[in-house]
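For reference, the structure is listed below as C-alpha cells.
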Amino acid sequence: MEIFVFCWFTSLFHNNMAIKKAFTFVICSILIFGVTGRIERPRGVAISKASFYLPDRPFVCFDGSATISFEKVNDDYCDCTDASDEPGTSACPNGSFHCTNAGHKPQYIPSSRVNDGICDCCDGTDEYDSDAQCTNYCKELGKKAREEAERQRQLLEEGRKVYLDYAVRGKESVKEKQERLEQLRAEKDEAERRKNELEGVKKEAEVPETEAKEQHKKAWEEEKARLQSNQENERSDNAFKILDTNNDGVVSVEEMQEHSEFDIDTDGTVSVEEAKEYLEDSEQVDYETFHGKVWPNIKEIYTKEKEKQEAQEEELAKGDTEQPPEPTVAPDTTTPPPEEPVTTPTPTAQPPEVDPLLEPEEDLHHNYDDDEEDRYNEDEDDDDDDEEEKEEDKKAEVEPPSSASDTDDKMPEYDENTKGLIELADKAREDFNEADRKFRDIESEISKLESLLDIDFGGETEFYPLYGECFEMTDREYTYKLCPFDKATQRSKNGGSETSLGKWSHWDGPDGNKYSVMKFEKGQNCWNGPDRSVKVNVNCGKENQLLTATEPNKCEYEFQFVTPTACSQVPSPADESHDEL
Ligand code: MAN
C-alpha cells in the first residue's frame with residue numbers, strides 16, 4: 001500500500017499528463033513487482049493497464065464517460081460505456097477479461113464468459129466464482145507452444161539456408177541467361193547478314209539452273225509433240241486405208257455405210273445422210289480432205305469401234321488356243337461363233353494407241369522457284385521433304401526408262417551442263433538453308449530467353465531454381481502436377497490425358513507478401529463454366545512439396561505448396577517468446 005501511495009505521490013510532480021502516466025507505470029511496475037513479486041491490480045486487468053487502477057484515486061473510465069470511486073471497479077455494476085470499470089466481471093456486455101496465464105501466453109476473453117461455468121483461460125481465472133473446477137494447465141500448454149515455436153524457428157533457420165542458396169543460384173543463372181542473350185543478339189546480326197548473302201548466291205545460281213531446265217523441258221515437249229503428230233498422221237493414214245475398201249484413193253458414202261460406228265441414230269443401218277454427215281456433206285473425200293477435215297470428227301468413234309473389234313478378236317484368238325472350260329451356263333448366243341468371218345476389215349496390227357497427252361503427266365523434275373518461299377517459311381521438317389524431293393529429282397534424271405512407252409512419257413536425263421548447274425544450285429541452296437536455320441535457331445533462342453527473363457522469380461531471384469521443376473500429389477481421384485512458372489495439370493487416376501488447369505500467370509499475394517500466392521490461369525475450359533484456374537498458396541517448408549490440391553469451386557483449384565524458397569523470414573532467436581507472469 002505504501003508503494004501505491006508513493007507512486008501516486010511521485011506522479012504529482014509532473015504536470016504533463018503523458019509523462020505522468022508513463023513514469024507512474026514504469027517506475028511503479030518495477031517497484032511493485034520488485035517488492036511483492038507480483039503486480040497488484042484488479043481482477044481481469046493486464047499488467048500494462050494496472051497503473052490506471054490506483055486504489056487511492058478515483059477511477060476514470062478509459063473513454064472518459066464517467067469518473068467513479070475505486071470501490072466501484074469490479075462491483076458487478078457497469079458504470080463506464082466502454083466497460084473499463086468491470087474488467088473482472090460479466091456486468092458490462094462489451095467488456096473483456098484478461099487472463100494472465102502464467103507459463104503460457106496472456107489472453108483476453110469476452111467478459112460474458114466470466115463465471116459462465118466453462119473454463120476459458122488455461123489458468124482458470126475466469127471461473128473464480130462458479131462451480132466449474134478449472135485446473136491450471138498453462139505450463140503444459142506453454143511448453144507445447146514453445147516446442148512448436150522452436151520447431152518453426154528451426155524450420156525457418158534451415159529453410160532460410162536453402163532460400164539463400166536458391167537466391168545465389170537464381171542470380172547466377174539469370175546472369176548467365178542475360179549474358180547468353182547479349183551474345184545471341186550480337187550473333188543474330190552476323191547470322192542475318194550471312195543468310196542474306198547466301199540467299200543472293202542461291203538466287204544467282206538458280207537463274208541459269210532454271211533456264212537450263214526449262215530449255216531441256218521445252219525441247220522434250222517439242223519432241224513429244226512432233227512424235228504425237230506423226231502418230232496421229234499414221235492413225236489417220238491407217239484409217240483411210242481401211243475405210244477406202246476399194247483402194248480408189250477416196251472414201252465414199254458407200255464405204256462409210258459399211259461401218260456400223262457411223263450409225264448416228266442407231267437404227268441398225270448407216271444411212272446416206274449419216275455417212276455424208278461425216279464426209280463434209282460430200283459423196284466422197286480424197287485423202288487430203290479426209291486427213292484435214294473428216295478424221296478429226298470421226299477419230300473418237302472410229303477408235304472406240306476399232307478397240308472393240310480388237311478386244312473381240314483377242315477373245316476369239318484365246319478361244320482358239322485355250323481349252324474352253326466346261327460351260328456351266330448356256331452359251332451366249334449373241335457372241336458370234338469363232339468361224340464366223342468378221343465383216344469389218346481388220347486393220348493391220350498397231351501398237352496400242354494411247355494418247356500420251358491424255359495420261360496424267362508425271363512431275364519428273366522439280367521447279368525450285370515455284371514453292372521456294374513456302375519451303376523456307378515452313379518448319380525444319382521441310383528440310384527432310386527437300387531431301388526427299390531432291391532424291392526423286394535425281395532418280396528421274398538418272399534412272400533409265402523401264403519400258404518402251406515410258407520413253408515417250410518421261411523426260412530424258414539432263415545434259416551434263418544442266419546437271420552441273422543443278423549441282424551448283426543445290427550446293428547454294430544447302431548453304432543458304434544452313435545459314436537460314438542457324439539464323440532462325442538464334443531468333444528462337446532469343447525469344448525463349450526474353451520470355452524467361454520476363455518472369456518475376458522473386459525479390460532475390462530465389463524462385464528461379466524451381467523453374468523447370470514439377471511437383472505431383474495424388475488424391476483419391478486425380479494426380480495433380482504443379483510446374484512453377486509453367487503450368488498446372490490434373491490427370492485422372494484411371495488414365496486418360498492431362499487436363500490443363502492453367503498456365504503460369506502471375507504472383508497474386510497480398511501487399512507486402514506478394515510471393516505467397518501463385519496464380520495459374522487460362523486452363524482447359526470447364527463445361528458450362530469458366531476456364532480452369534489454380535491458386536497456389538506458397539509457404540515455407542523443409543522441402544519442395546505439393547501438399548494438397550482441392551477444388552473449392554467447380555474448375556477453380558487451390559494448391560498448398562511448401563518450399564524452402566519461401567523461408568525468407570529471419571527466424572527470431574531461440575526462446576525469445578515471453579509470457580506474462
Ligand atoms: C473434370 C475435372 C473436375 C471438374 C470437372 C468439371 O472431371 O476436371 O475437376 O470439376 O471436369 O466438369
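Every chain in the C-alpha cells takes a letter, A first, then B, and so on in the order presented; its residues are numbered from 1, and the ligands are numbered from 1 following the presented order.
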
Just list the residues in region 253-294 of chain A DSSP gives helix (DSSP H, G or I) on the backbone, as a list in words.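 Of region 253-294 of chain A, only Val253, Glu254, Glu255, Met256, Gln257, Ser260, Glu261, Phe262, Val272, Glu273, Glu274, Ala275, Lys276, Glu277, Tyr278, Tyr287, Glu288, Thr289, Phe290, His291, Gly292, Lys293 and Val294 of chain A fall in helix (DSSP H, G or I).
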
List the neighbours of Leu198 (chain A) out to 9 Å using only C-alpha atoms; skip same-chain residues closer than 4 positions along the sequence, and give me the result as a PyMOL selection string. chain A and resi 193-194+202-203+428-429+431-433+435-436

Selection file, all heavy atoms, as an mmCIF file, in the first residue's frame:
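Contents of selection-v9.cif, freshly written:
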data_model
loop_
_atom_site.group_PDB
_atom_site.id
_atom_site.type_symbol
_atom_site.label_atom_id
_atom_site.label_comp_id
_atom_site.auth_asym_id
_atom_site.auth_seq_id
_atom_site.Cartn_x
_atom_site.Cartn_y
_atom_site.Cartn_z
ATOM 1 N N ARG A 193 23.202 -11.350 -91.711
ATOM 2 C CA ARG A 193 23.995 -10.859 -92.850
ATOM 3 C C ARG A 193 24.416 -12.050 -93.725
ATOM 4 O O ARG A 193 24.261 -12.033 -94.930
ATOM 5 C CB ARG A 193 25.234 -10.123 -92.311
ATOM 6 C CG ARG A 193 25.963 -9.254 -93.307
ATOM 7 C CD ARG A 193 27.360 -8.931 -92.828
ATOM 8 N NE ARG A 193 28.181 -10.093 -92.498
ATOM 9 C CZ ARG A 193 28.703 -10.935 -93.362
ATOM 10 N NH1 ARG A 193 28.499 -10.762 -94.663
ATOM 11 N NH2 ARG A 193 29.407 -11.974 -92.971
ATOM 12 N N ARG A 194 24.885 -13.112 -93.058
ATOM 13 C CA ARG A 194 25.349 -14.312 -93.769
ATOM 14 C C ARG A 194 24.179 -14.945 -94.535
ATOM 15 O O ARG A 194 24.314 -15.352 -95.672
ATOM 16 C CB ARG A 194 25.908 -15.286 -92.718
ATOM 17 C CG ARG A 194 26.373 -16.602 -93.261
ATOM 18 C CD ARG A 194 27.865 -16.610 -93.493
ATOM 19 N NE ARG A 194 28.291 -17.862 -94.094
ATOM 20 C CZ ARG A 194 28.836 -17.962 -95.310
ATOM 21 N NH1 ARG A 194 29.043 -16.888 -96.043
ATOM 22 N NH2 ARG A 194 29.199 -19.135 -95.790
ATOM 23 N N LYS A 202 22.350 -18.049 -103.773
ATOM 24 C CA LYS A 202 21.389 -19.092 -104.178
ATOM 25 C C LYS A 202 20.560 -18.607 -105.369
ATOM 26 O O LYS A 202 20.411 -19.316 -106.374
ATOM 27 C CB LYS A 202 20.479 -19.431 -102.996
ATOM 28 C CG LYS A 202 19.378 -20.419 -103.298
ATOM 29 C CD LYS A 202 18.486 -20.627 -102.109
ATOM 30 C CE LYS A 202 17.438 -19.557 -102.015
ATOM 31 N NZ LYS A 202 16.145 -19.860 -102.554
ATOM 32 N N LYS A 203 20.040 -17.390 -105.236
ATOM 33 C CA LYS A 203 19.199 -16.868 -106.317
ATOM 34 C C LYS A 203 19.986 -16.782 -107.610
ATOM 35 O O LYS A 203 19.486 -17.116 -108.684
ATOM 36 C CB LYS A 203 18.651 -15.484 -105.938
ATOM 37 C CG LYS A 203 17.431 -15.600 -105.045
ATOM 38 C CD LYS A 203 16.844 -14.253 -104.756
ATOM 39 C CE LYS A 203 15.618 -14.406 -103.846
ATOM 40 N NZ LYS A 203 15.334 -13.193 -103.113
ATOM 41 N N ALA A 428 24.301 -24.232 -103.364
ATOM 42 C CA ALA A 428 23.945 -22.875 -102.898
ATOM 43 C C ALA A 428 22.706 -22.931 -102.020
ATOM 44 O O ALA A 428 22.615 -22.237 -101.009
ATOM 45 C CB ALA A 428 23.703 -21.966 -104.096
ATOM 46 N N ARG A 429 21.763 -23.796 -102.396
ATOM 47 C CA ARG A 429 20.536 -23.943 -101.579
ATOM 48 C C ARG A 429 20.881 -24.526 -100.203
ATOM 49 O O ARG A 429 20.406 -24.057 -99.182
ATOM 50 C CB ARG A 429 19.523 -24.861 -102.290
ATOM 51 C CG ARG A 429 18.617 -24.114 -103.265
ATOM 52 C CD ARG A 429 17.530 -25.019 -103.784
ATOM 53 N NE ARG A 429 18.011 -26.003 -104.724
ATOM 54 C CZ ARG A 429 18.124 -25.808 -106.045
ATOM 55 N NH1 ARG A 429 17.776 -24.650 -106.565
ATOM 56 N NH2 ARG A 429 18.576 -26.750 -106.828
ATOM 57 N N ASP A 431 23.726 -24.360 -98.607
ATOM 58 C CA ASP A 431 24.432 -23.353 -97.799
ATOM 59 C C ASP A 431 23.442 -22.337 -97.243
ATOM 60 O O ASP A 431 23.496 -21.958 -96.083
ATOM 61 C CB ASP A 431 25.487 -22.619 -98.641
ATOM 62 C CG ASP A 431 26.630 -23.550 -99.014
ATOM 63 O OD1 ASP A 431 26.693 -24.654 -98.436
ATOM 64 O OD2 ASP A 431 27.437 -23.183 -99.889
ATOM 65 N N PHE A 432 22.508 -21.926 -98.089
ATOM 66 C CA PHE A 432 21.523 -20.944 -97.639
ATOM 67 C C PHE A 432 20.651 -21.540 -96.532
ATOM 68 O O PHE A 432 20.413 -20.921 -95.500
ATOM 69 C CB PHE A 432 20.650 -20.465 -98.812
ATOM 70 C CG PHE A 432 19.431 -19.734 -98.331
ATOM 71 C CD1 PHE A 432 19.540 -18.457 -97.792
ATOM 72 C CD2 PHE A 432 18.175 -20.337 -98.379
ATOM 73 C CE1 PHE A 432 18.423 -17.787 -97.315
ATOM 74 C CE2 PHE A 432 17.058 -19.671 -97.908
ATOM 75 C CZ PHE A 432 17.177 -18.400 -97.375
ATOM 76 N N ASN A 433 20.187 -22.785 -96.784
ATOM 77 C CA ASN A 433 19.332 -23.445 -95.777
ATOM 78 C C ASN A 433 20.027 -23.512 -94.430
ATOM 79 O O ASN A 433 19.430 -23.264 -93.392
ATOM 80 C CB ASN A 433 18.977 -24.873 -96.212
ATOM 81 C CG ASN A 433 17.909 -24.866 -97.288
ATOM 82 O OD1 ASN A 433 17.326 -23.821 -97.566
ATOM 83 N ND2 ASN A 433 17.676 -26.004 -97.900
ATOM 84 N N ALA A 435 22.441 -21.584 -93.290
ATOM 85 C CA ALA A 435 22.546 -20.243 -92.686
ATOM 86 C C ALA A 435 21.185 -19.779 -92.182
ATOM 87 O O ALA A 435 21.077 -19.161 -91.120
ATOM 88 C CB ALA A 435 23.085 -19.262 -93.717
ATOM 89 N N ASP A 436 20.147 -20.109 -92.942
ATOM 90 C CA ASP A 436 18.785 -19.708 -92.555
ATOM 91 C C ASP A 436 18.382 -20.411 -91.256
ATOM 92 O O ASP A 436 17.802 -19.816 -90.363
ATOM 93 C CB ASP A 436 17.826 -20.068 -93.693
ATOM 94 C CG ASP A 436 16.412 -19.609 -93.392
ATOM 95 O OD1 ASP A 436 16.246 -18.421 -93.062
ATOM 96 O OD2 ASP A 436 15.493 -20.439 -93.469
#

Point-to-point distance from CA of Tyr467 (chain A) to CA of Val562 (chain A), Å rounded to tenths: 15.0 Å

Could you list, as a PyMOL selection string, all the residues within 8 Å of ligand 1, counting only C-alpha atoms and all ligand atoms? chain A and resi 490+499+501+526-527+551+554-555

Would you mind listing what lies within 12 Å of region 442-458 of chain A as a PDB file with N, CA and C atoms, in the first residue's frame, with only C-alpha atoms counted and same-chain residues fewer than 6 positions away left out?
ATOM      1  N   TYR A 163      16.941 -21.081 -48.904  1.00  0.00           N
ATOM      2  CA  TYR A 163      16.462 -19.873 -49.585  1.00  0.00           C
ATOM      3  C   TYR A 163      17.652 -19.026 -50.057  1.00  0.00           C
ATOM      4  N   TYR A 166      19.298 -20.745 -52.896  1.00  0.00           N
ATOM      5  CA  TYR A 166      18.478 -20.594 -54.097  1.00  0.00           C
ATOM      6  C   TYR A 166      18.661 -19.200 -54.696  1.00  0.00           C
ATOM      7  N   ALA A 167      18.705 -18.220 -53.797  1.00  0.00           N
ATOM      8  CA  ALA A 167      18.822 -16.834 -54.282  1.00  0.00           C
ATOM      9  C   ALA A 167      20.148 -16.650 -55.017  1.00  0.00           C
ATOM     10  N   ARG A 169      21.933 -19.073 -56.451  1.00  0.00           N
ATOM     11  CA  ARG A 169      21.852 -19.835 -57.718  1.00  0.00           C
ATOM     12  C   ARG A 169      20.995 -19.112 -58.738  1.00  0.00           C
ATOM     13  N   GLY A 170      19.874 -18.582 -58.263  1.00  0.00           N
ATOM     14  CA  GLY A 170      18.956 -17.866 -59.159  1.00  0.00           C
ATOM     15  C   GLY A 170      19.657 -16.681 -59.815  1.00  0.00           C
ATOM     16  N   LYS A 171      20.370 -15.934 -58.997  1.00  0.00           N
ATOM     17  CA  LYS A 171      21.037 -14.741 -59.539  1.00  0.00           C
ATOM     18  C   LYS A 171      22.083 -15.143 -60.567  1.00  0.00           C
ATOM     19  N   SER A 173      22.196 -17.888 -62.382  1.00  0.00           N
ATOM     20  CA  SER A 173      21.569 -18.396 -63.610  1.00  0.00           C
ATOM     21  C   SER A 173      21.008 -17.260 -64.446  1.00  0.00           C
ATOM     22  N   VAL A 174      20.350 -16.314 -63.784  1.00  0.00           N
ATOM     23  CA  VAL A 174      19.772 -15.202 -64.542  1.00  0.00           C
ATOM     24  C   VAL A 174      20.883 -14.400 -65.217  1.00  0.00           C
ATOM     25  N   LYS A 175      21.998 -14.252 -64.493  1.00  0.00           N
ATOM     26  CA  LYS A 175      23.121 -13.508 -65.071  1.00  0.00           C
ATOM     27  C   LYS A 175      23.627 -14.245 -66.329  1.00  0.00           C
ATOM     28  N   GLU A 176      23.776 -15.584 -66.167  1.00  0.00           N
ATOM     29  CA  GLU A 176      24.233 -16.382 -67.316  1.00  0.00           C
ATOM     30  C   GLU A 176      23.293 -16.198 -68.508  1.00  0.00           C
ATOM     31  N   LYS A 177      21.987 -16.253 -68.218  1.00  0.00           N
ATOM     32  CA  LYS A 177      20.995 -16.123 -69.298  1.00  0.00           C
ATOM     33  C   LYS A 177      21.091 -14.747 -69.935  1.00  0.00           C
ATOM     34  N   GLN A 178      21.304 -13.733 -69.097  1.00  0.00           N
ATOM     35  CA  GLN A 178      21.406 -12.386 -69.662  1.00  0.00           C
ATOM     36  C   GLN A 178      22.631 -12.269 -70.565  1.00  0.00           C
ATOM     37  N   GLU A 179      23.727 -12.890 -70.118  1.00  0.00           N
ATOM     38  CA  GLU A 179      24.951 -12.834 -70.926  1.00  0.00           C
ATOM     39  C   GLU A 179      24.745 -13.571 -72.251  1.00  0.00           C
ATOM     40  N   ARG A 180      24.104 -14.726 -72.128  1.00  0.00           N
ATOM     41  CA  ARG A 180      23.821 -15.519 -73.342  1.00  0.00           C
ATOM     42  C   ARG A 180      22.949 -14.705 -74.300  1.00  0.00           C
ATOM     43  N   LEU A 181      21.978 -13.999 -73.743  1.00  0.00           N
ATOM     44  CA  LEU A 181      21.083 -13.192 -74.563  1.00  0.00           C
ATOM     45  C   LEU A 181      21.871 -12.104 -75.296  1.00  0.00           C
ATOM     46  N   GLU A 182      22.758 -11.472 -74.580  1.00  0.00           N
ATOM     47  CA  GLU A 182      23.586 -10.424 -75.208  1.00  0.00           C
ATOM     48  C   GLU A 182      24.384 -11.014 -76.364  1.00  0.00           C
ATOM     49  N   GLN A 183      25.001 -12.176 -76.074  1.00  0.00           N
ATOM     50  CA  GLN A 183      25.842 -12.840 -77.079  1.00  0.00           C
ATOM     51  C   GLN A 183      24.998 -13.182 -78.314  1.00  0.00           C
ATOM     52  N   LEU A 184      23.801 -13.723 -78.066  1.00  0.00           N
ATOM     53  CA  LEU A 184      22.940 -14.124 -79.189  1.00  0.00           C
ATOM     54  C   LEU A 184      22.506 -12.916 -80.007  1.00  0.00           C
ATOM     55  N   ARG A 185      22.220 -11.815 -79.317  1.00  0.00           N
ATOM     56  CA  ARG A 185      21.803 -10.610 -80.044  1.00  0.00           C
ATOM     57  C   ARG A 185      22.911 -10.147 -80.985  1.00  0.00           C
ATOM     58  N   ALA A 186      24.148 -10.288 -80.499  1.00  0.00           N
ATOM     59  CA  ALA A 186      25.284  -9.894 -81.347  1.00  0.00           C
ATOM     60  C   ALA A 186      25.411 -10.888 -82.508  1.00  0.00           C
ATOM     61  N   GLU A 187      25.277 -12.183 -82.207  1.00  0.00           N
ATOM     62  CA  GLU A 187      25.420 -13.218 -83.248  1.00  0.00           C
ATOM     63  C   GLU A 187      24.309 -13.112 -84.292  1.00  0.00           C
ATOM     64  N   LYS A 188      23.148 -12.639 -83.840  1.00  0.00           N
ATOM     65  CA  LYS A 188      21.991 -12.591 -84.742  1.00  0.00           C
ATOM     66  C   LYS A 188      22.281 -11.690 -85.954  1.00  0.00           C
ATOM     67  N   ASP A 189      22.892 -10.542 -85.712  1.00  0.00           N
ATOM     68  CA  ASP A 189      23.177  -9.613 -86.818  1.00  0.00           C
ATOM     69  C   ASP A 189      24.075 -10.281 -87.853  1.00  0.00           C
ATOM     70  N   GLU A 190      25.132 -10.946 -87.341  1.00  0.00           N
ATOM     71  CA  GLU A 190      26.084 -11.597 -88.252  1.00  0.00           C
ATOM     72  C   GLU A 190      25.372 -12.732 -89.011  1.00  0.00           C
ATOM     73  N   ALA A 191      24.548 -13.492 -88.275  1.00  0.00           N
ATOM     74  CA  ALA A 191      23.835 -14.622 -88.900  1.00  0.00           C
ATOM     75  C   ALA A 191      22.861 -14.118 -89.965  1.00  0.00           C
ATOM     76  N   GLU A 192      22.256 -12.982 -89.724  1.00  0.00           N
ATOM     77  CA  GLU A 192      21.299 -12.440 -90.692  1.00  0.00           C
ATOM     78  C   GLU A 192      22.039 -11.958 -91.945  1.00  0.00           C
ATOM     79  N   ALA A 435      22.441 -21.584 -93.290  1.00  0.00           N
ATOM     80  CA  ALA A 435      22.546 -20.243 -92.686  1.00  0.00           C
ATOM     81  C   ALA A 435      21.185 -19.779 -92.182  1.00  0.00           C
ATOM     82  N   ASP A 436      20.147 -20.109 -92.942  1.00  0.00           N
ATOM     83  CA  ASP A 436      18.785 -19.708 -92.555  1.00  0.00           C
ATOM     84  C   ASP A 436      18.382 -20.411 -91.256  1.00  0.00           C
ATOM     85  N   TYR A 464      13.970 -18.890 -58.884  1.00  0.00           N
ATOM     86  CA  TYR A 464      14.477 -19.363 -60.186  1.00  0.00           C
ATOM     87  C   TYR A 464      14.736 -20.872 -60.203  1.00  0.00           C
ATOM     88  N   PRO A 465      15.386 -21.437 -59.146  1.00  0.00           N
ATOM     89  CA  PRO A 465      15.670 -22.882 -59.208  1.00  0.00           C
ATOM     90  C   PRO A 465      14.424 -23.760 -59.323  1.00  0.00           C
ATOM     91  N   LEU A 466      13.247 -23.209 -59.078  1.00  0.00           N
ATOM     92  CA  LEU A 466      12.023 -24.022 -59.229  1.00  0.00           C
ATOM     93  C   LEU A 466      11.581 -24.079 -60.689  1.00  0.00           C
ATOM     94  N   TYR A 467      12.142 -23.194 -61.506  1.00  0.00           N
ATOM     95  CA  TYR A 467      11.769 -23.165 -62.923  1.00  0.00           C
ATOM     96  C   TYR A 467      12.265 -24.456 -63.596  1.00  0.00           C
ATOM     97  N   GLY A 468      11.359 -25.121 -64.305  1.00  0.00           N
ATOM     98  CA  GLY A 468      11.737 -26.377 -64.972  1.00  0.00           C
ATOM     99  C   GLY A 468      11.474 -27.597 -64.098  1.00  0.00           C
ATOM    100  N   PRO A 484       6.014 -24.833 -61.456  1.00  0.00           N
ATOM    101  CA  PRO A 484       6.053 -23.385 -61.245  1.00  0.00           C
ATOM    102  C   PRO A 484       6.547 -22.639 -62.490  1.00  0.00           C
ATOM    103  N   PHE A 485       5.911 -21.533 -62.751  1.00  0.00           N
ATOM    104  CA  PHE A 485       6.220 -20.640 -63.881  1.00  0.00           C
ATOM    105  C   PHE A 485       5.937 -21.278 -65.236  1.00  0.00           C
ATOM    106  N   ASP A 486       5.226 -22.409 -65.210  1.00  0.00           N
ATOM    107  CA  ASP A 486       4.908 -23.071 -66.476  1.00  0.00           C
ATOM    108  C   ASP A 486       3.421 -23.452 -66.517  1.00  0.00           C
ATOM    109  N   TRP A 504       1.061 -20.547 -66.258  1.00  0.00           N
ATOM    110  CA  TRP A 504       1.605 -19.561 -65.315  1.00  0.00           C
ATOM    111  C   TRP A 504       1.100 -18.174 -65.692  1.00  0.00           C
ATOM    112  N   SER A 505       0.609 -17.455 -64.693  1.00  0.00           N
ATOM    113  CA  SER A 505       0.113 -16.118 -64.969  1.00  0.00           C
ATOM    114  C   SER A 505       0.870 -15.054 -64.164  1.00  0.00           C
ATOM    115  N   HIS A 506       0.721 -15.073 -62.834  1.00  0.00           N
ATOM    116  CA  HIS A 506       1.375 -14.018 -62.047  1.00  0.00           C
ATOM    117  C   HIS A 506       1.397 -14.363 -60.548  1.00  0.00           C
ATOM    118  N   TRP A 507       2.170 -13.549 -59.797  1.00  0.00           N
ATOM    119  CA  TRP A 507       2.140 -13.653 -58.340  1.00  0.00           C
ATOM    120  C   TRP A 507       0.902 -12.921 -57.862  1.00  0.00           C
ATOM    121  N   ASP A 508       0.229 -13.500 -56.873  1.00  0.00           N
ATOM    122  CA  ASP A 508      -1.066 -12.938 -56.507  1.00  0.00           C
ATOM    123  C   ASP A 508      -1.222 -12.724 -54.998  1.00  0.00           C
ATOM    124  N   GLY A 509      -0.087 -12.675 -54.280  1.00  0.00           N
ATOM    125  CA  GLY A 509      -0.174 -12.499 -52.828  1.00  0.00           C
ATOM    126  C   GLY A 509      -0.576 -11.071 -52.463  1.00  0.00           C
ATOM    127  N   ASN A 513       3.311  -9.250 -49.206  1.00  0.00           N
ATOM    128  CA  ASN A 513       3.577 -10.692 -49.203  1.00  0.00           C
ATOM    129  C   ASN A 513       3.224 -11.271 -50.581  1.00  0.00           C
ATOM    130  N   LYS A 514       3.643 -10.516 -51.576  1.00  0.00           N
ATOM    131  CA  LYS A 514       3.304 -10.840 -52.965  1.00  0.00           C
ATOM    132  C   LYS A 514       3.653 -12.280 -53.357  1.00  0.00           C
ATOM    133  N   TYR A 515       4.809 -12.761 -52.851  1.00  0.00           N
ATOM    134  CA  TYR A 515       5.291 -14.075 -53.308  1.00  0.00           C
ATOM    135  C   TYR A 515       4.692 -15.238 -52.511  1.00  0.00           C
ATOM    136  N   SER A 516       3.545 -15.011 -51.896  1.00  0.00           N
ATOM    137  CA  SER A 516       2.935 -16.091 -51.114  1.00  0.00           C
ATOM    138  C   SER A 516       1.842 -16.807 -51.906  1.00  0.00           C
ATOM    139  N   VAL A 517       1.458 -16.258 -53.052  1.00  0.00           N
ATOM    140  CA  VAL A 517       0.404 -16.896 -53.854  1.00  0.00           C
ATOM    141  C   VAL A 517       0.792 -16.854 -55.341  1.00  0.00           C
ATOM    142  N   MET A 518       0.727 -18.052 -55.954  1.00  0.00           N
ATOM    143  CA  MET A 518       0.970 -18.137 -57.407  1.00  0.00           C
ATOM    144  C   MET A 518      -0.371 -18.273 -58.094  1.00  0.00           C
ATOM    145  N   THR A 565      12.204 -22.085 -50.507  1.00  0.00           N
ATOM    146  CA  THR A 565      12.320 -20.787 -51.185  1.00  0.00           C
ATOM    147  C   THR A 565      11.472 -19.729 -50.484  1.00  0.00           C
ATOM    148  N   ALA A 566      10.403 -20.213 -49.807  1.00  0.00           N
ATOM    149  CA  ALA A 566       9.521 -19.243 -49.149  1.00  0.00           C
ATOM    150  C   ALA A 566       9.978 -18.959 -47.722  1.00  0.00           C
ATOM    151  N   SER A 568      12.100 -16.944 -46.375  1.00  0.00           N
ATOM    152  CA  SER A 568      12.987 -15.789 -46.454  1.00  0.00           C
ATOM    153  C   SER A 568      13.071 -15.057 -45.114  1.00  0.00           C
TER     154      SER A 568
END
